[in-house]
Amino acid sequence: MSTALRRALPDTWTLTRRTFAHWARQPAPVLVGLLFPVLMVLMFGYLFGGGMDVPGRGDYREFLMPGMFAMTMVFGIESTFTAVAGDTARGVTDRFRSMPMSHFAVLGGRVLADMLHAAVGLLVLICCGLAVGWRWHEGPARAALAVAMLLLLRLAVLWLGIYLALRAKGPESVAILQILVWPLGFLSNVFVSPDTMPGWLGVIAEWNPLSASAGAGRELFGNPGWAGGSWVVDHPILMAFGWPLVLIAIFAPLSVRHYRGLGR
Amino acid sequence: MPLAISAEGVTKVHGAARALDGFDLEVPAGTVHGLLGPNGAGKTTAVRILTTLLGPDGGRAEVAGFDVVRDAARVRTRIGLLGQYAALDEVLGGRQNLEMFGRLYHLGARAARARAGELLERFALTDVGERAVTTYSGGMRRRLDLAASLIQAPEVLFLDEPTTGLDPRGRTEVWDAVRELVAGGTTVLLTTQYLEEADRLADTISVVDHGRTIARGTPTELKSRLGGDRIDVVVREPLDLAAAGAILARVGNGDPRVHADERRVGIAITDRVSALTATVRALHDAGIEAEDIALRRPTLDEVFLTITGVRRDDEPVDGAGGSRRTGRLGTGDATEVAA
């Protein structure tokens with residue numbers, strides 16, 4: 001057991017560096033991944049923004065950014081899924097499992113690499129936000145808490161992605177995920193108020209973890225947000241930490257268990 | 001000789017199917033053993049259990065002296081695995097792959113780099129070492145895969161259908177590499193559907209069907225004991241084929257097998273010389289002109305057909321697969337051929 005622990009860190013680092021080597025060899029997908037949210041900001045901020053009503057007559061781009069941060073974190077599930085499902089389908093995961101290496105490291109390396117990727121992506125998007133006129137108004141401490149909350153959301157989505165990928169037939173299944181994340185993104189408070197949706201749909205949108213993170217982001221950054229009403233809407237920060245913690249508590253152990261017993 | 005691999009009564013159930021059903025195996029250290037069987041016979045399941053990827057439901061197995069369940073971690077420090085599909089990082093280069101696996105075997109950065117260089121050289125991949133694996137040919141990929149499974153100089157190497165999907169040249173490349181390894185004292189367990197492959201590489205063979213070993217021995221023993229010798233006649237006139245078959249039926253055992261496209265008919269025999277004499281005389285008397293008459297050992301294909309009663313494309317013989325399947329061996333228990 002002690003050898004397993006001693007090996008966990010260097011092995012995790014070796015596998016994290018593997019992902020860096022991927023980025024160096026194939027920079028295009030990484031760059032596209034970083035720039036896509038920027039494109040979304042420009043599209044919604046300048047094309048659709050004029051037609052949107054912002055609470056308190058605030059600036060639409062001030063309103064938009066927290067939602068875009070949260071959505072970018074959720075969309076990160078695609079790259080996690082593709083990487084893990086690809087390794088499993090090609091037998092690389094089996095090779096790792098037949099080797100005297102730390103088995104925690106295979107998942108740990110994925111988590112570390114994807115979290116670094118998410119941090120860089122968030123930084124790019126924050127810079128983009130600053131460029132289009134978005135600001136934080138509640139001081140650096142609250143802003144840092146918002147960033148931590150967003151990264152926690154990415155971590156939760158990461159474990160969900162690992163679990164789904166370990167259970168998937170192959171990396172091609174990512175197409176299903178790509179289709180499913182869009183309704184998840186729009187069925188939230190990111191672009192419009194759930195108040196404007198039909199009753200039951202509005203309730204789903206309010207309970208969407210993405211809405212919690214977007215709402216908490218608006219509160220912590222001091223950006224304009226939708227008027228409250230229900231309990232979830234009034235407690236976005238609690239929900240924005242609660243949802244990811246629940247997801248991690250479910251899917252991290254499930255993933256580890258499934259990895260250990262692959263095909264058992 | 002100490003055993004490098006031993007398995008006793010290993011069972012594994014996948015849902016309703018018994019992938020392994022009392023699987024036995026004994027492989028002495030330093031030898032090559034071939035697991036021969038059709039698709040779905042349980043070969044891959046056996047390899048996955050022996051390489052600690054899968055837990056058995058029953059029975060026990062040891063590799064390099066360690067139990068694959070209780071001492072899985074120790075087993076992993078002594079084995080190499082070459083799976084059915086090249087288990088490589090396709091985006092990275094060949095050298096990067098080997099260095100990464102070397103670090104994960106805890107060689108240390110410098111030793112991992114040195115070992116990667118050594119293995120690239122040995123498998124003639126130095127020139128393409130920096131190129132992404134995606135650009136490799138099937139044979140090159142397989143060689144790199146093999147190199148990766150040799151990083152820690154394993155005591156026991158598992159090769160699961162190592163040449164499936166390779167062209168003849170790629171196949172020869174892999175065979176040469178395996179022979180070289182064996183010369184260095186590594187124990188090899190090889191699974192294959194190609195009888196030629198088992199014949200060429202293996203010292204001993206287990207024939208596996210329905211999750212159990214149904215016969216074992218050296219390739220020669222299997223051929224002579226289970227298949228018996230055969231006599232083949234090639235006639236000049238296709239019309240004579242039936243008459244030649246009738247003559248062979250009197251000389252040999254069982255039913256003659258006709259290959260109409262080659263104008264050839266053959267049958268199993270017991271006594272080589274008397275069968276040959278009787279055949280030549282009878283053909284002459286009947287006025288049948290033979291182009292060729294040959295005594296030969298059966299191919300492993302024929303051996304497999306004889307043991308399992310099922311053609312390799314899984315068609316039951318004479319539509320009576322069920323009764324013929326174990327007919328020859330009675331209970332279907334392993335037939336011990338080795339002396």
# chains A, B, ... in the order shown; residues from 1 in each chain; ligands from 1
>>> select_by_dssp(residues="region 68-173 of chain B", states="helix (DSSP H, G or I)", output="ChimeraX atom specification")
/B:72-76,94-104,109-122,126-128,133-135,138-149,168-173
>>> interface_residues(of="chain A", to="chain B", cutoff="9 Å", atoms="only C-alpha atoms", output="list in words")
Arg7, Pro10, Asp11, Thr14, Leu15, Arg18, Ala21, His22, Arg25, Gln26, Asp87, Arg90, Gly91, Val92, Thr93, Asp94, Arg95, Phe96, Arg97, Ser98, Met99, Pro100, Met101, Ser102, Arg260, Gly261, Leu262, Gly263 and Arg264 of chain A
>>> closest_atom_pairs(of="region 124-157 of chain A", to="region 233-244 of chain A", cutoff="7 Å", atoms="only C-alpha atoms", output="CSV")
residue,atom,partner,partner_atom,distance
A:Met149,CA,A:Phe241,CA,6.4
A:Leu152,CA,A:Pro244,CA,6.4
A:Leu153,CA,A:Pro244,CA,5.3
A:Ala156,CA,A:Pro244,CA,5.0
>>> residues_around(residues="Thr213 (chain B)", least_positions_apart="5", cutoff="7 Å", atoms="only C-alpha atoms", output="list in words")
Phe23, Asp24, Ser206, Val207, Val208 and Ala334 of chain B
>>> write_last_selection(atoms="all heavy atoms", output="CSV table (one decimal), in the first residue's frame")
chain,number,residue,atom,x,y,z
B,23,PHE,N,-10.7,-24.3,-16.7
B,23,PHE,CA,-9.5,-24.1,-17.6
B,23,PHE,C,-8.2,-24.5,-16.9
B,23,PHE,O,-8.0,-24.0,-15.8
B,23,PHE,CB,-9.5,-22.7,-18.1
B,23,PHE,CG,-8.3,-22.4,-18.9
B,23,PHE,CD1,-8.2,-22.7,-20.3
B,23,PHE,CD2,-7.2,-21.7,-18.4
B,23,PHE,CE1,-7.1,-22.4,-21.0
B,23,PHE,CE2,-6.1,-21.4,-19.1
B,23,PHE,CZ,-6.0,-21.7,-20.5
B,24,ASP,N,-7.5,-25.4,-17.5
B,24,ASP,CA,-6.2,-25.8,-16.9
B,24,ASP,C,-5.0,-25.5,-17.9
B,24,ASP,O,-5.2,-25.5,-19.1
B,24,ASP,CB,-6.1,-27.4,-16.7
B,24,ASP,CG,-7.2,-27.8,-15.7
B,24,ASP,OD1,-7.4,-27.1,-14.8
B,24,ASP,OD2,-7.7,-28.9,-15.9
B,206,SER,N,-2.0,-25.9,-26.4
B,206,SER,CA,-3.3,-26.4,-25.8
B,206,SER,C,-4.4,-26.0,-26.8
B,206,SER,O,-4.4,-24.9,-27.2
B,206,SER,CB,-3.6,-25.6,-24.5
B,206,SER,OG,-2.7,-26.0,-23.5
B,207,VAL,N,-5.2,-27.0,-27.1
B,207,VAL,CA,-6.4,-26.6,-28.0
B,207,VAL,C,-7.5,-26.3,-27.0
B,207,VAL,O,-7.8,-27.1,-26.1
B,207,VAL,CB,-6.7,-27.8,-28.9
B,207,VAL,CG1,-7.9,-27.4,-29.8
B,207,VAL,CG2,-5.5,-28.2,-29.7
B,208,VAL,N,-8.1,-25.1,-27.2
B,208,VAL,CA,-9.1,-24.6,-26.3
B,208,VAL,C,-10.4,-24.5,-27.0
B,208,VAL,O,-10.5,-24.0,-28.1
B,208,VAL,CB,-8.7,-23.2,-25.7
B,208,VAL,CG1,-9.7,-22.7,-24.7
B,208,VAL,CG2,-7.3,-23.2,-25.1
B,334,ALA,N,-9.6,-33.2,-21.3
B,334,ALA,CA,-8.3,-33.0,-22.0
B,334,ALA,C,-7.7,-34.3,-22.3
B,334,ALA,O,-7.7,-35.2,-21.5
B,334,ALA,CB,-7.4,-32.2,-21.2
>>> residues_around(residues="Glu78 (chain A)", least_positions_apart="4", cutoff="8 Å", atoms="only C-alpha atoms", output="ChimeraX atom specification")
/A:82,161,174,177-178
>>> residues_around(residues="Pro298 (chain B)", least_positions_apart="3", cutoff="9 Å", atoms="only C-alpha atoms", output="mmCIF file with N, CA and C atoms, in the first residue's frame")
data_model
loop_
_atom_site.group_PDB
_atom_site.id
_atom_site.type_symbol
_atom_site.label_atom_id
_atom_site.label_comp_id
_atom_site.auth_asym_id
_atom_site.auth_seq_id
_atom_site.Cartn_x
_atom_site.Cartn_y
_atom_site.Cartn_z
ATOM 1 N N LYS B 223 -0.326 -33.741 -34.037
ATOM 2 C CA LYS B 223 -0.580 -34.169 -35.411
ATOM 3 C C LYS B 223 -0.591 -35.687 -35.526
ATOM 4 N N SER B 224 0.407 -36.336 -34.924
ATOM 5 C CA SER B 224 0.496 -37.774 -35.152
ATOM 6 C C SER B 224 -0.516 -38.552 -34.309
ATOM 7 N N GLY B 227 -4.467 -36.743 -35.178
ATOM 8 C CA GLY B 227 -4.923 -36.715 -36.562
ATOM 9 C C GLY B 227 -4.605 -37.991 -37.307
ATOM 10 N N GLY B 228 -3.524 -38.692 -36.938
ATOM 11 C CA GLY B 228 -3.072 -39.848 -37.681
ATOM 12 C C GLY B 228 -2.461 -39.432 -38.998
ATOM 13 N N ASP B 229 -1.783 -40.365 -39.658
ATOM 14 C CA ASP B 229 -1.215 -40.055 -40.977
ATOM 15 C C ASP B 229 -2.316 -40.053 -42.017
ATOM 16 N N ARG B 230 -1.997 -39.462 -43.153
ATOM 17 C CA ARG B 230 -2.997 -39.392 -44.220
ATOM 18 C C ARG B 230 -2.350 -39.766 -45.548
ATOM 19 N N ALA B 268 -7.553 -40.691 -43.726
ATOM 20 C CA ALA B 268 -6.664 -41.056 -42.625
ATOM 21 C C ALA B 268 -6.316 -42.538 -42.717
ATOM 22 N N ASP B 301 -4.993 -27.632 -38.935
ATOM 23 C CA ASP B 301 -6.407 -27.384 -39.249
ATOM 24 C C ASP B 301 -7.208 -28.669 -39.122
ATOM 25 N N GLU B 302 -6.637 -29.722 -39.711
ATOM 26 C CA GLU B 302 -7.330 -31.013 -39.671
ATOM 27 C C GLU B 302 -7.375 -31.575 -38.255
ATOM 28 N N VAL B 303 -6.287 -31.350 -37.500
ATOM 29 C CA VAL B 303 -6.257 -31.800 -36.112
ATOM 30 C C VAL B 303 -7.395 -31.143 -35.338
#
>>> atom_distance(atom1="CA of Ala148 (chain A)", atom2="CA of Val120 (chain A)")
13.3 Å
>>> decode(residues="region 59-94 of chain B", atoms="N, CA, C and O atoms", output="PDB file, in the first residue's frame")
ATOM      1  N   GLY B  59     -11.351 -21.429  -9.197  1.00  0.00           N
ATOM      2  CA  GLY B  59     -10.057 -22.000  -9.558  1.00  0.00           C
ATOM      3  C   GLY B  59      -8.925 -21.084  -9.137  1.00  0.00           C
ATOM      4  O   GLY B  59      -9.158 -20.066  -8.490  1.00  0.00           O
ATOM      5  N   ARG B  60      -7.682 -21.490  -9.481  1.00  0.00           N
ATOM      6  CA  ARG B  60      -6.554 -20.621  -9.115  1.00  0.00           C
ATOM      7  C   ARG B  60      -5.525 -20.608 -10.227  1.00  0.00           C
ATOM      8  O   ARG B  60      -5.466 -21.531 -11.059  1.00  0.00           O
ATOM      9  N   ALA B  61      -4.739 -19.545 -10.262  1.00  0.00           N
ATOM     10  CA  ALA B  61      -3.722 -19.422 -11.297  1.00  0.00           C
ATOM     11  C   ALA B  61      -2.510 -18.701 -10.740  1.00  0.00           C
ATOM     12  O   ALA B  61      -2.634 -17.796  -9.925  1.00  0.00           O
ATOM     13  N   GLU B  62      -1.331 -19.155 -11.169  1.00  0.00           N
ATOM     14  CA  GLU B  62      -0.087 -18.517 -10.759  1.00  0.00           C
ATOM     15  C   GLU B  62       0.728 -18.155 -11.979  1.00  0.00           C
ATOM     16  O   GLU B  62       0.769 -18.899 -12.953  1.00  0.00           O
ATOM     17  N   VAL B  63       1.368 -16.986 -11.899  1.00  0.00           N
ATOM     18  CA  VAL B  63       2.273 -16.567 -12.960  1.00  0.00           C
ATOM     19  C   VAL B  63       3.590 -16.165 -12.295  1.00  0.00           C
ATOM     20  O   VAL B  63       3.585 -15.405 -11.328  1.00  0.00           O
ATOM     21  N   ALA B  64       4.691 -16.714 -12.785  1.00  0.00           N
ATOM     22  CA  ALA B  64       6.026 -16.464 -12.223  1.00  0.00           C
ATOM     23  C   ALA B  64       6.042 -16.754 -10.722  1.00  0.00           C
ATOM     24  O   ALA B  64       6.746 -16.094  -9.957  1.00  0.00           O
ATOM     25  N   GLY B  65       5.240 -17.732 -10.311  1.00  0.00           N
ATOM     26  CA  GLY B  65       5.257 -18.157  -8.912  1.00  0.00           C
ATOM     27  C   GLY B  65       4.330 -17.376  -7.998  1.00  0.00           C
ATOM     28  O   GLY B  65       4.307 -17.617  -6.799  1.00  0.00           O
ATOM     29  N   PHE B  66       3.571 -16.410  -8.542  1.00  0.00           N
ATOM     30  CA  PHE B  66       2.684 -15.611  -7.700  1.00  0.00           C
ATOM     31  C   PHE B  66       1.232 -15.770  -8.114  1.00  0.00           C
ATOM     32  O   PHE B  66       0.928 -15.839  -9.308  1.00  0.00           O
ATOM     33  N   ASP B  67       0.375 -15.795  -7.102  1.00  0.00           N
ATOM     34  CA  ASP B  67      -1.052 -15.933  -7.353  1.00  0.00           C
ATOM     35  C   ASP B  67      -1.579 -14.665  -8.029  1.00  0.00           C
ATOM     36  O   ASP B  67      -1.302 -13.549  -7.590  1.00  0.00           O
ATOM     37  N   VAL B  68      -2.354 -14.838  -9.114  1.00  0.00           N
ATOM     38  CA  VAL B  68      -2.783 -13.676  -9.899  1.00  0.00           C
ATOM     39  C   VAL B  68      -3.816 -12.814  -9.169  1.00  0.00           C
ATOM     40  O   VAL B  68      -4.049 -11.673  -9.555  1.00  0.00           O
ATOM     41  N   VAL B  69      -4.425 -13.365  -8.116  1.00  0.00           N
ATOM     42  CA  VAL B  69      -5.388 -12.557  -7.372  1.00  0.00           C
ATOM     43  C   VAL B  69      -4.719 -11.950  -6.135  1.00  0.00           C
ATOM     44  O   VAL B  69      -4.685 -10.733  -5.969  1.00  0.00           O
ATOM     45  N   ARG B  70      -4.161 -12.816  -5.279  1.00  0.00           N
ATOM     46  CA  ARG B  70      -3.586 -12.326  -4.016  1.00  0.00           C
ATOM     47  C   ARG B  70      -2.327 -11.499  -4.235  1.00  0.00           C
ATOM     48  O   ARG B  70      -2.079 -10.532  -3.534  1.00  0.00           O
ATOM     49  N   ASP B  71      -1.506 -11.901  -5.202  1.00  0.00           N
ATOM     50  CA  ASP B  71      -0.228 -11.228  -5.434  1.00  0.00           C
ATOM     51  C   ASP B  71      -0.211 -10.497  -6.768  1.00  0.00           C
ATOM     52  O   ASP B  71       0.824 -10.450  -7.446  1.00  0.00           O
ATOM     53  N   ALA B  72      -1.364  -9.925  -7.129  1.00  0.00           N
ATOM     54  CA  ALA B  72      -1.486  -9.293  -8.447  1.00  0.00           C
ATOM     55  C   ALA B  72      -0.372  -8.265  -8.679  1.00  0.00           C
ATOM     56  O   ALA B  72       0.217  -8.206  -9.762  1.00  0.00           O
ATOM     57  N   ALA B  73      -0.052  -7.484  -7.649  1.00  0.00           N
ATOM     58  CA  ALA B  73       0.959  -6.430  -7.818  1.00  0.00           C
ATOM     59  C   ALA B  73       2.315  -7.040  -8.175  1.00  0.00           C
ATOM     60  O   ALA B  73       3.034  -6.516  -9.019  1.00  0.00           O
ATOM     61  N   ARG B  74       2.661  -8.174  -7.534  1.00  0.00           N
ATOM     62  CA  ARG B  74       3.950  -8.818  -7.831  1.00  0.00           C
ATOM     63  C   ARG B  74       3.942  -9.411  -9.233  1.00  0.00           C
ATOM     64  O   ARG B  74       4.940  -9.366  -9.945  1.00  0.00           O
ATOM     65  N   VAL B  75       2.795  -9.989  -9.621  1.00  0.00           N
ATOM     66  CA  VAL B  75       2.701 -10.557 -10.967  1.00  0.00           C
ATOM     67  C   VAL B  75       2.989  -9.466 -12.004  1.00  0.00           C
ATOM     68  O   VAL B  75       3.738  -9.668 -12.958  1.00  0.00           O
ATOM     69  N   ARG B  76       2.425  -8.267 -11.753  1.00  0.00           N
ATOM     70  CA  ARG B  76       2.572  -7.177 -12.726  1.00  0.00           C
ATOM     71  C   ARG B  76       4.016  -6.738 -12.918  1.00  0.00           C
ATOM     72  O   ARG B  76       4.350  -6.159 -13.946  1.00  0.00           O
ATOM     73  N   THR B  77       4.871  -6.987 -11.914  1.00  0.00           N
ATOM     74  CA  THR B  77       6.267  -6.584 -12.083  1.00  0.00           C
ATOM     75  C   THR B  77       7.056  -7.615 -12.895  1.00  0.00           C
ATOM     76  O   THR B  77       8.242  -7.422 -13.151  1.00  0.00           O
ATOM     77  N   ARG B  78       6.387  -8.716 -13.274  1.00  0.00           N
ATOM     78  CA  ARG B  78       7.133  -9.775 -13.964  1.00  0.00           C
ATOM     79  C   ARG B  78       6.577 -10.135 -15.337  1.00  0.00           C
ATOM     80  O   ARG B  78       7.052 -11.054 -15.981  1.00  0.00           O
ATOM     81  N   ILE B  79       5.530  -9.431 -15.769  1.00  0.00           N
ATOM     82  CA  ILE B  79       4.906  -9.809 -17.033  1.00  0.00           C
ATOM     83  C   ILE B  79       4.958  -8.684 -18.056  1.00  0.00           C
ATOM     84  O   ILE B  79       5.160  -7.521 -17.725  1.00  0.00           O
ATOM     85  N   GLY B  80       4.781  -9.082 -19.301  1.00  0.00           N
ATOM     86  CA  GLY B  80       4.560  -8.123 -20.374  1.00  0.00           C
ATOM     87  C   GLY B  80       3.322  -8.581 -21.113  1.00  0.00           C
ATOM     88  O   GLY B  80       3.049  -9.780 -21.200  1.00  0.00           O
ATOM     89  N   LEU B  81       2.533  -7.624 -21.605  1.00  0.00           N
ATOM     90  CA  LEU B  81       1.286  -7.995 -22.296  1.00  0.00           C
ATOM     91  C   LEU B  81       1.217  -7.310 -23.637  1.00  0.00           C
ATOM     92  O   LEU B  81       1.401  -6.103 -23.755  1.00  0.00           O
ATOM     93  N   LEU B  82       0.965  -8.113 -24.651  1.00  0.00           N
ATOM     94  CA  LEU B  82       0.702  -7.579 -25.973  1.00  0.00           C
ATOM     95  C   LEU B  82      -0.741  -7.970 -26.301  1.00  0.00           C
ATOM     96  O   LEU B  82      -1.020  -9.125 -26.563  1.00  0.00           O
ATOM     97  N   GLY B  83      -1.644  -6.997 -26.210  1.00  0.00           N
ATOM     98  CA  GLY B  83      -3.062  -7.288 -26.397  1.00  0.00           C
ATOM     99  C   GLY B  83      -3.423  -7.426 -27.860  1.00  0.00           C
ATOM    100  O   GLY B  83      -2.568  -7.341 -28.742  1.00  0.00           O
ATOM    101  N   GLN B  84      -4.719  -7.636 -28.105  1.00  0.00           N
ATOM    102  CA  GLN B  84      -5.157  -7.850 -29.487  1.00  0.00           C
ATOM    103  C   GLN B  84      -4.998  -6.617 -30.349  1.00  0.00           C
ATOM    104  O   GLN B  84      -4.803  -6.710 -31.549  1.00  0.00           O
ATOM    105  N   TYR B  85      -5.135  -5.438 -29.728  1.00  0.00           N
ATOM    106  CA  TYR B  85      -4.989  -4.204 -30.489  1.00  0.00           C
ATOM    107  C   TYR B  85      -3.797  -3.450 -29.931  1.00  0.00           C
ATOM    108  O   TYR B  85      -3.567  -3.481 -28.729  1.00  0.00           O
ATOM    109  N   ALA B  86      -3.036  -2.819 -30.806  1.00  0.00           N
ATOM    110  CA  ALA B  86      -1.859  -2.092 -30.376  1.00  0.00           C
ATOM    111  C   ALA B  86      -2.264  -1.066 -29.319  1.00  0.00           C
ATOM    112  O   ALA B  86      -3.026  -0.152 -29.605  1.00  0.00           O
ATOM    113  N   ALA B  87      -1.764  -1.250 -28.090  1.00  0.00           N
ATOM    114  CA  ALA B  87      -2.136  -0.367 -26.983  1.00  0.00           C
ATOM    115  C   ALA B  87      -1.112   0.754 -26.888  1.00  0.00           C
ATOM    116  O   ALA B  87      -0.214   0.732 -26.066  1.00  0.00           O
ATOM    117  N   LEU B  88      -1.237   1.719 -27.775  1.00  0.00           N
ATOM    118  CA  LEU B  88      -0.251   2.793 -27.853  1.00  0.00           C
ATOM    119  C   LEU B  88      -0.960   4.126 -27.863  1.00  0.00           C
ATOM    120  O   LEU B  88      -2.127   4.226 -28.208  1.00  0.00           O
ATOM    121  N   ASP B  89      -0.210   5.156 -27.478  1.00  0.00           N
ATOM    122  CA  ASP B  89      -0.730   6.511 -27.604  1.00  0.00           C
ATOM    123  C   ASP B  89      -0.474   6.951 -29.043  1.00  0.00           C
ATOM    124  O   ASP B  89       0.659   7.166 -29.444  1.00  0.00           O
ATOM    125  N   GLU B  90      -1.543   7.061 -29.807  1.00  0.00           N
ATOM    126  CA  GLU B  90      -1.412   7.309 -31.241  1.00  0.00           C
ATOM    127  C   GLU B  90      -0.885   8.713 -31.554  1.00  0.00           C
ATOM    128  O   GLU B  90      -0.290   8.931 -32.598  1.00  0.00           O
ATOM    129  N   VAL B  91      -1.157   9.653 -30.672  1.00  0.00           N
ATOM    130  CA  VAL B  91      -0.760  11.041 -30.933  1.00  0.00           C
ATOM    131  C   VAL B  91       0.739  11.212 -30.726  1.00  0.00           C
ATOM    132  O   VAL B  91       1.401  11.935 -31.478  1.00  0.00           O
ATOM    133  N   LEU B  92       1.276  10.525 -29.739  1.00  0.00           N
ATOM    134  CA  LEU B  92       2.693  10.663 -29.423  1.00  0.00           C
ATOM    135  C   LEU B  92       3.556   9.907 -30.423  1.00  0.00           C
ATOM    136  O   LEU B  92       3.081   9.056 -31.165  1.00  0.00           O
ATOM    137  N   GLY B  93       4.848  10.212 -30.418  1.00  0.00           N
ATOM    138  CA  GLY B  93       5.792   9.487 -31.251  1.00  0.00           C
ATOM    139  C   GLY B  93       6.154   8.160 -30.604  1.00  0.00           C
ATOM    140  O   GLY B  93       5.833   7.915 -29.437  1.00  0.00           O
ATOM    141  N   GLY B  94       6.840   7.295 -31.358  1.00  0.00           N
ATOM    142  CA  GLY B  94       7.249   6.002 -30.842  1.00  0.00           C
ATOM    143  C   GLY B  94       8.144   6.135 -29.622  1.00  0.00           C
ATOM    144  O   GLY B  94       7.972   5.455 -28.615  1.00  0.00           O
TER     145      GLY B  94
END
